[in-house]
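Data file: my_file-v3.pdb. Format and content: PDB, C-alpha atoms and all ligand atoms.
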```pdb
ATOM      1  CA  MET A   1     -63.997 -49.215  22.837
ATOM      2  CA  SER A   2     -61.723 -52.195  23.494
ATOM      3  CA  PRO A   3     -61.716 -53.381  27.104
ATOM      4  CA  ALA A   4     -58.859 -52.351  29.413
ATOM      5  CA  ALA A   5     -55.907 -54.743  29.530
ATOM      6  CA  VAL A   6     -56.473 -55.408  33.232
ATOM      7  CA  ALA A   7     -59.833 -55.894  34.941
ATOM      8  CA  PHE A   8     -60.052 -56.193  38.715
ATOM      9  CA  PHE A   9     -63.082 -57.556  40.519
ATOM     10  CA  GLY A  10     -63.482 -56.043  43.975
ATOM     11  CA  GLY A  11     -66.037 -56.289  46.727
ATOM     12  CA  LYS A  12     -66.728 -58.022  50.015
ATOM     13  CA  GLY A  13     -66.154 -61.714  50.587
ATOM     14  CA  GLY A  14     -68.915 -63.922  49.244
ATOM     15  CA  VAL A  15     -70.594 -61.439  46.882
ATOM     16  CA  GLY A  16     -69.508 -63.300  43.721
ATOM     17  CA  LYS A  17     -66.140 -61.803  42.689
ATOM     18  CA  THR A  18     -64.549 -65.128  41.775
ATOM     19  CA  THR A  19     -67.621 -66.310  39.871
ATOM     20  CA  LEU A  20     -67.887 -63.068  37.904
ATOM     21  CA  ALA A  21     -64.131 -62.753  37.270
ATOM     22  CA  ALA A  22     -64.026 -66.290  35.867
ATOM     23  CA  SER A  23     -67.147 -65.666  33.759
ATOM     24  CA  TYR A  24     -65.738 -62.408  32.404
ATOM     25  CA  ALA A  25     -62.439 -64.131  31.549
ATOM     26  CA  LEU A  26     -64.417 -66.772  29.643
ATOM     27  CA  LEU A  27     -66.330 -64.054  27.827
ATOM     28  CA  LEU A  28     -63.092 -62.352  26.675
ATOM     29  CA  ALA A  29     -61.518 -65.692  25.697
ATOM     30  CA  GLY A  30     -64.628 -66.389  23.613
ATOM     31  CA  ARG A  31     -63.818 -63.211  21.664
ATOM     32  CA  ALA A  32     -60.531 -64.708  20.487
ATOM     33  CA  GLN A  33     -58.540 -62.919  23.191
ATOM     34  CA  ARG A  34     -55.809 -64.620  25.218
ATOM     35  CA  VAL A  35     -56.836 -64.183  28.838
ATOM     36  CA  LEU A  36     -55.197 -64.891  32.175
ATOM     37  CA  VAL A  37     -57.473 -64.953  35.200
ATOM     38  CA  VAL A  38     -55.564 -64.718  38.449
ATOM     39  CA  SER A  39     -56.747 -64.982  42.024
ATOM     40  CA  THR A  40     -54.915 -62.923  44.653
ATOM     41  CA  ASP A  41     -57.433 -63.657  47.389
ATOM     42  CA  PRO A  42     -55.778 -65.636  50.223
ATOM     43  CA  ALA A  43     -59.042 -67.625  50.409
ATOM     44  CA  HIS A  44     -58.594 -69.007  46.890
ATOM     45  CA  SER A  45     -61.632 -70.467  45.197
ATOM     46  CA  LEU A  46     -60.839 -69.815  41.538
ATOM     47  CA  GLY A  47     -59.779 -73.436  41.043
ATOM     48  CA  ASP A  48     -63.122 -74.594  42.497
ATOM     49  CA  VAL A  49     -65.091 -72.194  40.314
ATOM     50  CA  LEU A  50     -63.219 -73.298  37.185
ATOM     51  CA  ALA A  51     -63.375 -76.941  38.354
ATOM     52  CA  THR A  52     -59.585 -77.343  37.868
ATOM     53  CA  PRO A  53     -56.761 -77.502  40.413
ATOM     54  CA  LEU A  54     -54.623 -74.351  40.091
ATOM     55  CA  GLY A  55     -51.225 -73.284  41.368
ATOM     56  CA  ASP A  56     -48.912 -70.299  41.364
ATOM     57  CA  GLU A  57     -47.893 -70.784  37.713
ATOM     58  CA  PRO A  58     -50.571 -70.145  35.078
ATOM     59  CA  THR A  59     -52.264 -73.342  33.872
ATOM     60  CA  GLU A  60     -53.455 -73.329  30.263
ATOM     61  CA  LEU A  61     -57.103 -74.345  30.237
ATOM     62  CA  GLY A  62     -57.607 -74.215  26.476
ATOM     63  CA  GLY A  63     -59.689 -71.879  24.333
ATOM     64  CA  GLY A  64     -57.388 -68.943  25.050
ATOM     65  CA  LEU A  65     -57.758 -69.123  28.844
ATOM     66  CA  TRP A  66     -55.052 -69.402  31.520
ATOM     67  CA  ALA A  67     -55.581 -69.328  35.274
ATOM     68  CA  CYS A  68     -53.536 -69.255  38.461
ATOM     69  CA  GLU A  69     -53.813 -68.593  42.168
ATOM     70  CA  ILE A  70     -50.954 -66.501  43.544
ATOM     71  CA  SER A  71     -50.040 -66.001  47.159
ATOM     72  CA  GLY A  72     -48.062 -63.231  48.819
ATOM     73  CA  GLU A  73     -46.952 -65.664  51.549
ATOM     74  CA  ASN A  74     -45.451 -68.109  49.043
ATOM     75  CA  ALA A  75     -43.800 -65.374  47.004
ATOM     76  CA  ALA A  76     -42.308 -63.855  50.193
ATOM     77  CA  ARG A  77     -41.040 -67.267  51.325
ATOM     78  CA  ARG A  78     -39.380 -67.878  47.946
ATOM     79  CA  ARG A  79     -37.739 -64.483  48.071
ATOM     80  CA  VAL A  80     -36.402 -65.088  51.596
ATOM     81  CA  GLU A  81     -34.976 -68.468  50.526
ATOM     82  CA  GLN A  82     -33.264 -66.784  47.594
ATOM     83  CA  VAL A  83     -31.755 -64.038  49.763
ATOM     84  CA  ALA A  84     -30.618 -66.651  52.323
ATOM     85  CA  ALA A  85     -28.916 -68.658  49.562
ATOM     86  CA  GLU A  86     -27.141 -65.521  48.308
ATOM     87  CA  ALA A  87     -26.106 -64.653  51.887
ATOM     88  CA  ARG A  88     -24.592 -68.138  52.406
ATOM     89  CA  GLU A  89     -22.210 -67.357  49.536
ATOM     90  CA  ALA A  90     -21.386 -63.882  50.759
ATOM     91  CA  VAL A  91     -21.191 -63.777  54.560
ATOM     92  CA  PRO A  92     -19.175 -65.714  57.173
ATOM     93  CA  ARG A  93     -20.924 -68.830  58.549
ATOM     94  CA  GLU A  94     -21.147 -67.497  62.100
ATOM     95  CA  VAL A  95     -23.243 -64.537  60.883
ATOM     96  CA  MET A  96     -25.848 -66.780  59.239
ATOM     97  CA  PRO A  97     -28.047 -67.334  62.350
ATOM     98  CA  ALA A  98     -28.446 -63.557  62.653
ATOM     99  CA  VAL A  99     -29.201 -63.306  58.926
ATOM    100  CA  HIS A 100     -31.853 -66.026  59.232
ATOM    101  CA  HIS A 101     -33.389 -64.346  62.255
ATOM    102  CA  HIS A 102     -33.601 -61.035  60.417
ATOM    103  CA  LEU A 103     -35.003 -62.615  57.251
ATOM    104  CA  GLN A 104     -37.628 -64.540  59.202
ATOM    105  CA  ARG A 105     -38.868 -61.344  60.818
ATOM    106  CA  ALA A 106     -38.949 -59.600  57.460
ATOM    107  CA  ALA A 107     -40.767 -62.551  55.875
ATOM    108  CA  ASP A 108     -43.495 -62.477  58.512
ATOM    109  CA  SER A 109     -44.251 -58.771  58.227
ATOM    110  CA  PRO A 110     -47.410 -57.891  56.274
ATOM    111  CA  GLY A 111     -45.465 -55.347  54.215
ATOM    112  CA  THR A 112     -43.209 -58.081  52.841
ATOM    113  CA  VAL A 113     -46.124 -60.337  51.989
ATOM    114  CA  GLU A 114     -48.029 -57.631  50.148
ATOM    115  CA  SER A 115     -44.978 -56.359  48.364
ATOM    116  CA  ALA A 116     -44.180 -59.932  47.251
ATOM    117  CA  LEU A 117     -47.758 -60.246  45.985
ATOM    118  CA  VAL A 118     -47.445 -57.016  43.990
ATOM    119  CA  ASP A 119     -44.156 -58.335  42.566
ATOM    120  CA  ARG A 120     -45.773 -61.590  41.514
ATOM    121  CA  LEU A 121     -48.696 -59.731  39.941
ATOM    122  CA  THR A 122     -46.216 -57.446  38.156
ATOM    123  CA  ASP A 123     -44.516 -60.515  36.624
ATOM    124  CA  LEU A 124     -47.865 -61.607  35.204
ATOM    125  CA  LEU A 125     -48.903 -58.130  34.016
ATOM    126  CA  ASP A 126     -45.509 -57.763  32.314
ATOM    127  CA  GLU A 127     -46.505 -60.619  30.002
ATOM    128  CA  ILE A 128     -49.487 -58.728  28.577
ATOM    129  CA  GLY A 129     -49.035 -58.424  24.840
ATOM    130  CA  ASP A 130     -46.718 -61.411  24.882
ATOM    131  CA  ARG A 131     -48.454 -64.395  26.518
ATOM    132  CA  TRP A 132     -51.912 -62.847  26.960
ATOM    133  CA  ASP A 133     -53.986 -59.863  25.823
ATOM    134  CA  HIS A 134     -55.940 -59.406  29.061
ATOM    135  CA  VAL A 135     -55.475 -60.155  32.732
ATOM    136  CA  VAL A 136     -58.550 -60.511  34.927
ATOM    137  CA  VAL A 137     -57.759 -60.226  38.640
ATOM    138  CA  ASP A 138     -60.033 -61.888  41.151
ATOM    139  CA  SER A 139     -58.849 -59.595  43.870
ATOM    140  CA  ALA A 140     -58.885 -59.925  47.616
ATOM    141  CA  PRO A 141     -61.648 -58.222  49.598
ATOM    142  CA  THR A 142     -61.678 -54.462  49.500
ATOM    143  CA  GLY A 143     -59.272 -53.112  52.146
ATOM    144  CA  HIS A 144     -56.518 -55.496  51.160
ATOM    145  CA  MET A 145     -56.982 -54.720  47.473
ATOM    146  CA  LEU A 146     -56.611 -50.987  48.080
ATOM    147  CA  ARG A 147     -53.379 -51.398  49.998
ATOM    148  CA  LEU A 148     -52.116 -53.694  47.292
ATOM    149  CA  LEU A 149     -52.890 -51.179  44.581
ATOM    150  CA  SER A 150     -51.331 -48.215  46.344
ATOM    151  CA  LEU A 151     -48.135 -50.071  47.196
ATOM    152  CA  PRO A 152     -46.146 -49.067  44.091
ATOM    153  CA  THR A 153     -46.989 -45.421  44.799
ATOM    154  CA  LEU A 154     -45.818 -45.807  48.388
ATOM    155  CA  LEU A 155     -42.604 -47.588  47.477
ATOM    156  CA  THR A 156     -41.460 -45.332  44.665
ATOM    157  CA  PRO A 157     -40.327 -42.332  46.779
ATOM    158  CA  TRP A 158     -38.665 -44.717  49.242
ATOM    159  CA  ILE A 159     -36.649 -46.396  46.503
ATOM    160  CA  GLU A 160     -35.754 -43.034  44.984
ATOM    161  CA  GLY A 161     -34.394 -41.842  48.329
ATOM    162  CA  LEU A 162     -32.401 -45.014  48.775
ATOM    163  CA  SER A 163     -30.957 -44.779  45.244
ATOM    164  CA  ARG A 164     -29.877 -41.179  45.817
ATOM    165  CA  GLN A 165     -28.073 -42.239  49.006
ATOM    166  CA  ARG A 166     -26.330 -45.035  47.135
ATOM    167  CA  GLU A 167     -25.390 -42.709  44.265
ATOM    168  CA  ARG A 168     -23.766 -40.318  46.753
ATOM    169  CA  ALA A 169     -21.918 -43.174  48.476
ATOM    170  CA  ARG A 170     -20.779 -44.442  45.083
ATOM    171  CA  GLY A 171     -19.530 -40.990  44.154
ATOM    172  CA  THR A 172     -17.335 -40.928  47.259
ATOM    173  CA  GLU A 173     -16.123 -44.490  46.601
ATOM    174  CA  ARG A 174     -15.191 -43.577  43.041
ATOM    175  CA  MET A 175     -13.328 -40.487  44.158
ATOM    176  CA  LEU A 176     -11.351 -42.516  46.724
ATOM    177  CA  SER A 177     -10.626 -45.206  44.110
ATOM    178  CA  GLY A 178      -9.356 -42.502  41.771
ATOM    179  CA  LEU A 179      -7.096 -41.054  44.475
ATOM    180  CA  LEU A 180      -5.746 -44.506  45.240
ATOM    181  CA  GLY A 181      -5.227 -45.119  41.527
ATOM    182  CA  ARG A 182      -7.629 -48.082  41.438
ATOM    183  CA  ALA A 183      -9.773 -48.793  38.395
ATOM    184  CA  ASP A 184     -13.512 -48.113  38.687
ATOM    185  CA  GLN A 185     -15.421 -51.203  39.823
ATOM    186  CA  GLY A 186     -18.122 -50.685  37.227
ATOM    187  CA  GLU A 187     -21.861 -51.048  37.895
ATOM    188  CA  ASP A 188     -23.205 -51.085  41.433
ATOM    189  CA  PRO A 189     -25.323 -54.268  41.557
ATOM    190  CA  LEU A 190     -27.505 -53.025  44.420
ATOM    191  CA  LEU A 191     -28.216 -49.745  42.654
ATOM    192  CA  THR A 192     -29.014 -51.584  39.424
ATOM    193  CA  ARG A 193     -31.466 -53.813  41.330
ATOM    194  CA  LEU A 194     -33.128 -50.819  42.988
ATOM    195  CA  HIS A 195     -33.556 -49.054  39.647
ATOM    196  CA  GLU A 196     -35.002 -52.179  38.048
ATOM    197  CA  ARG A 197     -37.380 -52.609  40.927
ATOM    198  CA  ARG A 198     -38.586 -49.036  40.734
ATOM    199  CA  ALA A 199     -39.040 -49.284  36.969
ATOM    200  CA  ARG A 200     -41.115 -52.445  37.445
ATOM    201  CA  LEU A 201     -43.303 -50.848  40.104
ATOM    202  CA  GLU A 202     -43.812 -47.777  37.963
ATOM    203  CA  ARG A 203     -44.804 -49.910  34.988
ATOM    204  CA  THR A 204     -47.387 -51.665  37.123
ATOM    205  CA  ARG A 205     -48.698 -48.430  38.564
ATOM    206  CA  ASP A 206     -48.980 -46.880  35.088
ATOM    207  CA  ARG A 207     -50.846 -49.910  33.865
ATOM    208  CA  MET A 208     -53.169 -49.763  36.858
ATOM    209  CA  LEU A 209     -53.884 -46.086  36.387
ATOM    210  CA  HIS A 210     -54.142 -46.007  32.590
ATOM    211  CA  ASP A 211     -55.048 -49.456  31.311
ATOM    212  CA  SER A 212     -57.122 -51.005  34.084
ATOM    213  CA  VAL A 213     -60.644 -50.939  35.324
ATOM    214  CA  VAL A 214     -62.093 -51.989  38.661
ATOM    215  CA  HIS A 215     -65.467 -53.694  38.617
ATOM    216  CA  LEU A 216     -67.120 -53.652  41.998
ATOM    217  CA  VAL A 217     -69.453 -56.491  42.853
ATOM    218  CA  LEU A 218     -72.179 -56.295  45.478
ATOM    219  CA  VAL A 219     -75.429 -57.922  46.468
ATOM    220  CA  PRO A 220     -78.592 -55.792  46.547
ATOM    221  CA  GLU A 221     -78.706 -55.007  50.263
ATOM    222  CA  ARG A 222     -78.420 -51.723  52.083
ATOM    223  CA  LEU A 223     -75.163 -52.263  54.062
ATOM    224  CA  PRO A 224     -73.179 -53.625  51.081
ATOM    225  CA  LEU A 225     -74.329 -50.582  49.094
ATOM    226  CA  ALA A 226     -72.948 -48.166  51.701
ATOM    227  CA  GLU A 227     -69.641 -50.025  51.723
ATOM    228  CA  THR A 228     -69.469 -50.122  47.924
ATOM    229  CA  GLU A 229     -69.988 -46.361  47.780
ATOM    230  CA  ARG A 230     -67.072 -45.865  50.176
ATOM    231  CA  THR A 231     -64.850 -48.205  48.167
ATOM    232  CA  ALA A 232     -65.809 -46.500  44.905
ATOM    233  CA  ARG A 233     -64.874 -43.151  46.407
ATOM    234  CA  SER A 234     -61.457 -44.251  47.637
ATOM    235  CA  LEU A 235     -60.682 -46.036  44.348
ATOM    236  CA  THR A 236     -61.511 -42.864  42.461
ATOM    237  CA  GLU A 237     -59.335 -40.851  44.854
ATOM    238  CA  ASP A 238     -56.465 -43.234  44.119
ATOM    239  CA  GLY A 239     -56.980 -42.527  40.413
ATOM    240  CA  LEU A 240     -58.287 -45.988  39.558
ATOM    241  CA  PRO A 241     -60.974 -46.053  36.886
ATOM    242  CA  LEU A 242     -64.212 -47.591  38.045
ATOM    243  CA  GLY A 243     -65.842 -49.996  35.613
ATOM    244  CA  SER A 244     -69.393 -51.292  35.514
ATOM    245  CA  LEU A 245     -70.895 -52.250  38.816
ATOM    246  CA  ALA A 246     -72.193 -55.801  39.066
ATOM    247  CA  VAL A 247     -75.223 -56.369  41.270
ATOM    248  CA  ASN A 248     -75.156 -60.085  41.871
ATOM    249  CA  ARG A 249     -77.739 -62.609  43.071
ATOM    250  CA  VAL A 250     -80.740 -60.417  42.320
ATOM    251  CA  ALA A 251     -83.977 -62.204  43.220
ATOM    252  CA  PRO A 252     -86.199 -62.492  40.114
ATOM    253  CA  PRO A 253     -88.885 -59.776  40.265
ATOM    254  CA  GLU A 254     -91.550 -62.295  39.168
ATOM    255  CA  ALA A 255     -90.680 -64.603  42.104
ATOM    256  CA  THR A 256     -93.330 -66.048  44.388
ATOM    257  CA  GLY A 257     -93.274 -67.087  48.062
ATOM    258  CA  LEU A 258     -90.175 -66.322  50.153
ATOM    259  CA  LEU A 259     -88.264 -65.034  47.160
ATOM    260  CA  ALA A 260     -91.064 -62.596  46.408
ATOM    261  CA  ASP A 261     -90.478 -60.900  49.794
ATOM    262  CA  ARG A 262     -86.807 -60.710  49.029
ATOM    263  CA  ALA A 263     -87.384 -59.330  45.542
ATOM    264  CA  HIS A 264     -89.680 -56.711  47.067
ATOM    265  CA  ARG A 265     -87.036 -55.656  49.627
ATOM    266  CA  GLU A 266     -84.314 -55.545  46.977
ATOM    267  CA  ALA A 267     -86.293 -53.309  44.622
ATOM    268  CA  GLU A 268     -85.620 -50.121  46.562
ATOM    269  CA  VAL A 269     -81.872 -50.792  47.008
ATOM    270  CA  ARG A 270     -81.567 -51.658  43.320
ATOM    271  CA  ALA A 271     -83.203 -48.375  42.361
ATOM    272  CA  THR A 272     -80.705 -46.488  44.564
ATOM    273  CA  ILE A 273     -77.776 -48.441  43.073
ATOM    274  CA  HIS A 274     -78.902 -47.601  39.532
ATOM    275  CA  GLU A 275     -79.261 -43.951  40.432
ATOM    276  CA  ARG A 276     -75.858 -43.667  42.181
ATOM    277  CA  PHE A 277     -73.814 -45.646  39.671
ATOM    278  CA  ARG A 278     -75.636 -44.812  36.430
ATOM    279  CA  GLU A 279     -72.597 -43.074  34.906
ATOM    280  CA  HIS A 280     -70.467 -46.220  35.300
ATOM    281  CA  GLY A 281     -73.090 -48.687  34.149
ATOM    282  CA  VAL A 282     -74.879 -51.191  36.363
ATOM    283  CA  THR A 283     -75.301 -54.849  35.419
ATOM    284  CA  GLU A 284     -77.669 -57.086  37.309
ATOM    285  CA  VAL A 285     -76.938 -60.794  37.537
ATOM    286  CA  PRO A 286     -79.886 -62.873  38.745
ATOM    287  CA  LEU A 287     -79.810 -65.378  41.561
ATOM    288  CA  LEU A 288     -79.065 -68.580  39.664
ATOM    289  CA  PRO A 289     -79.720 -72.207  40.539
ATOM    290  CA  GLY A 290     -76.961 -74.796  40.500
ATOM    291  CA  ALA A 291     -73.388 -74.973  41.741
ATOM    292  CA  LEU A 292     -71.965 -72.423  39.238
ATOM    293  CA  THR A 293     -68.708 -74.270  38.698
ATOM    294  CA  GLY A 294     -67.131 -75.233  35.403
ATOM    295  CA  ARG A 295     -67.239 -73.569  32.021
ATOM    296  CA  GLY A 296     -70.740 -74.721  31.093
ATOM    297  CA  GLU A 297     -72.321 -73.109  34.154
ATOM    298  CA  LEU A 298     -70.246 -69.929  33.883
ATOM    299  CA  ALA A 299     -71.163 -69.512  30.216
ATOM    300  CA  GLY A 300     -74.642 -68.390  31.290
ATOM    301  CA  ILE A 301     -73.184 -65.549  33.389
ATOM    302  CA  ALA A 302     -70.741 -64.668  30.592
ATOM    303  CA  GLY A 303     -73.805 -64.352  28.323
ATOM    304  CA  ILE A 304     -75.491 -61.964  30.781
ATOM    305  CA  LEU A 305     -72.347 -59.795  30.896
ATOM    306  CA  ALA A 306     -72.120 -59.799  27.079
ATOM    307  CA  GLU A 307     -75.732 -58.739  26.760
ATOM    308  CA  ALA A 308     -75.081 -55.866  29.175
ATOM    309  CA  GLY A 309     -72.275 -54.637  26.909
ATOM    310  CA  TRP A 310     -69.202 -55.897  28.807
TER     311      TRP A 310
HETATM  312  N1  LIG B   1     -75.598 -65.155  40.562
HETATM  313  C1  LIG B   1     -75.452 -66.110  41.474
HETATM  314  N2  LIG B   1     -76.509 -66.903  41.807
HETATM  315  C2  LIG B   1     -76.356 -67.865  42.744
HETATM  316  N3  LIG B   1     -75.224 -68.115  43.416
HETATM  317  C3  LIG B   1     -74.148 -67.360  43.129
HETATM  318  C4  LIG B   1     -74.186 -66.317  42.147
HETATM  319  N4  LIG B   1     -72.961 -65.764  42.074
HETATM  320  C5  LIG B   1     -72.181 -66.415  42.964
HETATM  321  N5  LIG B   1     -72.895 -67.373  43.607
HETATM  322  C6  LIG B   1     -72.381 -68.283  44.646
HETATM  323  O1  LIG B   1     -72.053 -67.518  45.790
HETATM  324  C7  LIG B   1     -70.909 -68.080  46.447
HETATM  325  C8  LIG B   1     -69.830 -67.003  46.577
HETATM  326  O2  LIG B   1     -69.385 -66.638  45.282
HETATM  327  P1  LIG B   1     -67.851 -66.284  44.991
HETATM  328  O3  LIG B   1     -67.759 -65.978  43.550
HETATM  329  O4  LIG B   1     -66.979 -67.339  45.537
HETATM  330  O5  LIG B   1     -67.736 -64.947  45.863
HETATM  331  P2  LIG B   1     -66.414 -64.142  46.307
HETATM  332  O6  LIG B   1     -65.325 -64.499  45.352
HETATM  333  O7  LIG B   1     -66.813 -62.699  46.216
HETATM  334  O8  LIG B   1     -66.113 -64.548  47.708
HETATM  335  C9  LIG B   1     -70.479 -69.260  45.612
HETATM  336  O9  LIG B   1     -70.996 -70.424  46.172
HETATM  337  C10 LIG B   1     -71.112 -68.999  44.251
HETATM  338  O10 LIG B   1     -71.369 -70.180  43.528
HETATM  339 MG    MG B   2     -63.425 -65.309  45.818
END
```
Would you kindly transcribe this structure into structure tokens?
Amino acid sequence: MSPAAVAFFGGKGGVGKTTLAASYALLLAGRAQRVLVVSTDPAHSLGDVLATPLGDEPTELGGGLWACEISGENAARRRVEQVAAEAREAVPREVMPAVHHHLQRAADSPGTVESALVDRLTDLLDEIGDRWDHVVVDSAPTGHMLRLLSLPTLLTPWIEGLSRQRERARGTERMLSGLLGRADQGEDPLLTRLHERRARLERTRDRMLHDSVVHLVLVPERLPLAETERTARSLTEDGLPLGSLAVNRVAPPEATGLLADRAHREAEVRATIHERFREHGVTEVPLLPGALTGRGELAGIAGILAEAGW
């Protein structure tokens, strides 16, 4: 089966999401696919892992790989600047301080930031099939990722309600225009924008539900396992398909000394993980030496994923 168009890497901070997302992107690019790997984690480290400075716009890294680090804060700020510029054209000067005050409050609210992040991600997902074949998302830690993913679902009914209100208002306007003998003013720009926005969100949601997979990453310890089980459950409830689970930084079973103790402790948790997640597939990635940055180092992990059937 061909891999889903979008692969998310979820899990707690520090478990290896960025490392594995970058390695998986390299693996797909090595199969003659065009791949974008994007970090949505506010604590960006994708650029460090790929040993290249990255920004909001995808950078072409060669060999079919693109990468970028997107930020909800930046996207929200850009949107506020755009709305402020439009308002300067449209409203009297004395109203502008109030407009700025309102926009600033909106810009600072978490809802705006997350919605701007979803918008930015939507832009990039919309280019699947055109600029790239796959998008690999090095997502933020778990709670944030879930809110991010459910946002289109939350916004859709809200936008529908708002559009219906506007349609009714427009109907009245048209009737009055007719009575006054004025020509119809044509399209309602606000309504057109709302419909476009809803269509975009729905496209993203459809893609997330039908052409995406979420790979959860964890380290072989008891508490992370409990948390991963909870995350897996809520992802499944949200209708998101769970992909293979990656158990990262597994101490080599043949280890000696301190590592031997660790390997011994991990054995039991690993057995439980395999039992609980067997149906999804479990891939173990060993604890590796070295800095794990740059293509050469990541190629080893990409090889492990390939061998496990990713
Ligand atoms: N298999 C591994 N063996 C050794 N170190 C690893 C392994 N995977 C990741 N690391 C290291 O662990 C740290 C956290 O990894 P990272 O991918 O940044 O995690 P996350 O994105 O989940 O916060 C990094 O320093 C990374 O190089
Ligand atoms: Mg990371």
Notebook entry, point to check: Counting all atoms listed in the file, which protein, DNA or RNA residues come within 9 Å of ligand MG 2 (chain B), given as a VMD selection string?
Noted result: chain A and resid 13 to 19 21 39 to 46 49 138 to 141
Report as a tab-separated table (two decimals) with C-alpha atoms, keeping the file's coordinate frame the residues that result from applying the PyMOL selection byres (((chain A and resi 23-35) around 10) and not hetatm) to the structure here.
```
chain	number	residue	atom	x	y	z
A	3	PRO	CA	-61.72	-53.38	27.10
A	5	ALA	CA	-55.91	-54.74	29.53
A	6	VAL	CA	-56.47	-55.41	33.23
A	7	ALA	CA	-59.83	-55.89	34.94
A	9	PHE	CA	-63.08	-57.56	40.52
A	17	LYS	CA	-66.14	-61.80	42.69
A	18	THR	CA	-64.55	-65.13	41.78
A	19	THR	CA	-67.62	-66.31	39.87
A	20	LEU	CA	-67.89	-63.07	37.90
A	21	ALA	CA	-64.13	-62.75	37.27
A	22	ALA	CA	-64.03	-66.29	35.87
A	36	LEU	CA	-55.20	-64.89	32.17
A	37	VAL	CA	-57.47	-64.95	35.20
A	38	VAL	CA	-55.56	-64.72	38.45
A	49	VAL	CA	-65.09	-72.19	40.31
A	50	LEU	CA	-63.22	-73.30	37.18
A	60	GLU	CA	-53.46	-73.33	30.26
A	62	GLY	CA	-57.61	-74.22	26.48
A	63	GLY	CA	-59.69	-71.88	24.33
A	64	GLY	CA	-57.39	-68.94	25.05
A	65	LEU	CA	-57.76	-69.12	28.84
A	66	TRP	CA	-55.05	-69.40	31.52
A	67	ALA	CA	-55.58	-69.33	35.27
A	128	ILE	CA	-49.49	-58.73	28.58
A	129	GLY	CA	-49.04	-58.42	24.84
A	130	ASP	CA	-46.72	-61.41	24.88
A	131	ARG	CA	-48.45	-64.40	26.52
A	132	TRP	CA	-51.91	-62.85	26.96
A	133	ASP	CA	-53.99	-59.86	25.82
A	134	HIS	CA	-55.94	-59.41	29.06
A	135	VAL	CA	-55.48	-60.16	32.73
A	136	VAL	CA	-58.55	-60.51	34.93
A	137	VAL	CA	-57.76	-60.23	38.64
A	292	LEU	CA	-71.96	-72.42	39.24
A	294	GLY	CA	-67.13	-75.23	35.40
A	295	ARG	CA	-67.24	-73.57	32.02
A	297	GLU	CA	-72.32	-73.11	34.15
A	298	LEU	CA	-70.25	-69.93	33.88
A	299	ALA	CA	-71.16	-69.51	30.22
A	300	GLY	CA	-74.64	-68.39	31.29
A	301	ILE	CA	-73.18	-65.55	33.39
A	302	ALA	CA	-70.74	-64.67	30.59
A	303	GLY	CA	-73.81	-64.35	28.32
A	304	ILE	CA	-75.49	-61.96	30.78
A	305	LEU	CA	-72.35	-59.80	30.90
A	306	ALA	CA	-72.12	-59.80	27.08
A	310	TRP	CA	-69.20	-55.90	28.81
```
What's around A:Leu216 at 10 Å? Count all atoms listed in the file, leave out sequence neighbours fewer than 3 positions away in its own chain, and write the answer as a short mmCIF file (atom, residue, chain, number, x, y, z; two decimals) with C-alpha atoms, in the frame of the given file.
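Dumped to selection-v1.cif:
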```cif
data_model
loop_
_atom_site.label_atom_id
_atom_site.label_comp_id
_atom_site.auth_asym_id
_atom_site.auth_seq_id
_atom_site.Cartn_x
_atom_site.Cartn_y
_atom_site.Cartn_z
CA PHE A 8 -60.05 -56.19 38.72
CA PHE A 9 -63.08 -57.56 40.52
CA GLY A 10 -63.48 -56.04 43.98
CA GLY A 11 -66.04 -56.29 46.73
CA LYS A 12 -66.73 -58.02 50.02
CA VAL A 15 -70.59 -61.44 46.88
CA LYS A 17 -66.14 -61.80 42.69
CA THR A 142 -61.68 -54.46 49.50
CA VAL A 213 -60.64 -50.94 35.32
CA THR A 228 -69.47 -50.12 47.92
CA GLU A 229 -69.99 -46.36 47.78
CA THR A 231 -64.85 -48.20 48.17
CA ALA A 232 -65.81 -46.50 44.90
CA LEU A 242 -64.21 -47.59 38.04
CA GLY A 243 -65.84 -50.00 35.61
CA SER A 244 -69.39 -51.29 35.51
CA LEU A 245 -70.90 -52.25 38.82
CA ALA A 246 -72.19 -55.80 39.07
CA VAL A 247 -75.22 -56.37 41.27
CA VAL A 282 -74.88 -51.19 36.36
#
```
Next item on the list: Could you expand the PyMOL selection byres (((chain A and resi 255-272) around 12) and not hetatm) into the explicit residues it covers here, written as a VMD selection string?
Entry: chain A and resid 218 to 226 229 245 to 254 273 to 278 282 to 287
Next item on the list: Taking the file above as input, evaluate the PyMOL selection byres (((chain A and resi 166) around 12) and not hetatm) and report the hits as an MDAnalysis selection string.
Entry: chainID A and resid 159:165 167:174 187:195
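If you measure from each of A:Gly296, A:Gly309, A:Gly178, A:Gly290 to ligand LIG 1 (chain B) using all atoms listed in the file, the closest one turns out to be A:Gly290.
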Check: In Å to one decimal, how far is atom CA of A:Asp211 from atom CA of A:Thr52?
Finding: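 Computing it gives 29.0 Å between the two atoms.
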Check: Looking at A:Ala90, A:Leu117, A:Ala308, A:Leu288, which one is nearest to A:Asn74, with distances taken over all atoms listed in the file?
Finding: A:Leu117
Notebook entry, point to check: With all atoms listed in the file as the atoms that count, which of A:Glu81, A:Asp108, A:Glu114, A:Asp48 lies nearest to ligand LIG 1 (chain B)?
Noted result: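 Of all the options, A:Asp48 lies closest to ligand LIG 1 (chain B).
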Check: Of the candidates A:Leu103, A:Leu61, A:Leu209, A:Ala51, which shows the shortest atom-to-atom distance to ligand LIG 1 (chain B), using only C-alpha atoms and all ligand atoms?
Finding: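 Smallest separation from ligand LIG 1 (chain B) among the options: A:Ala51.
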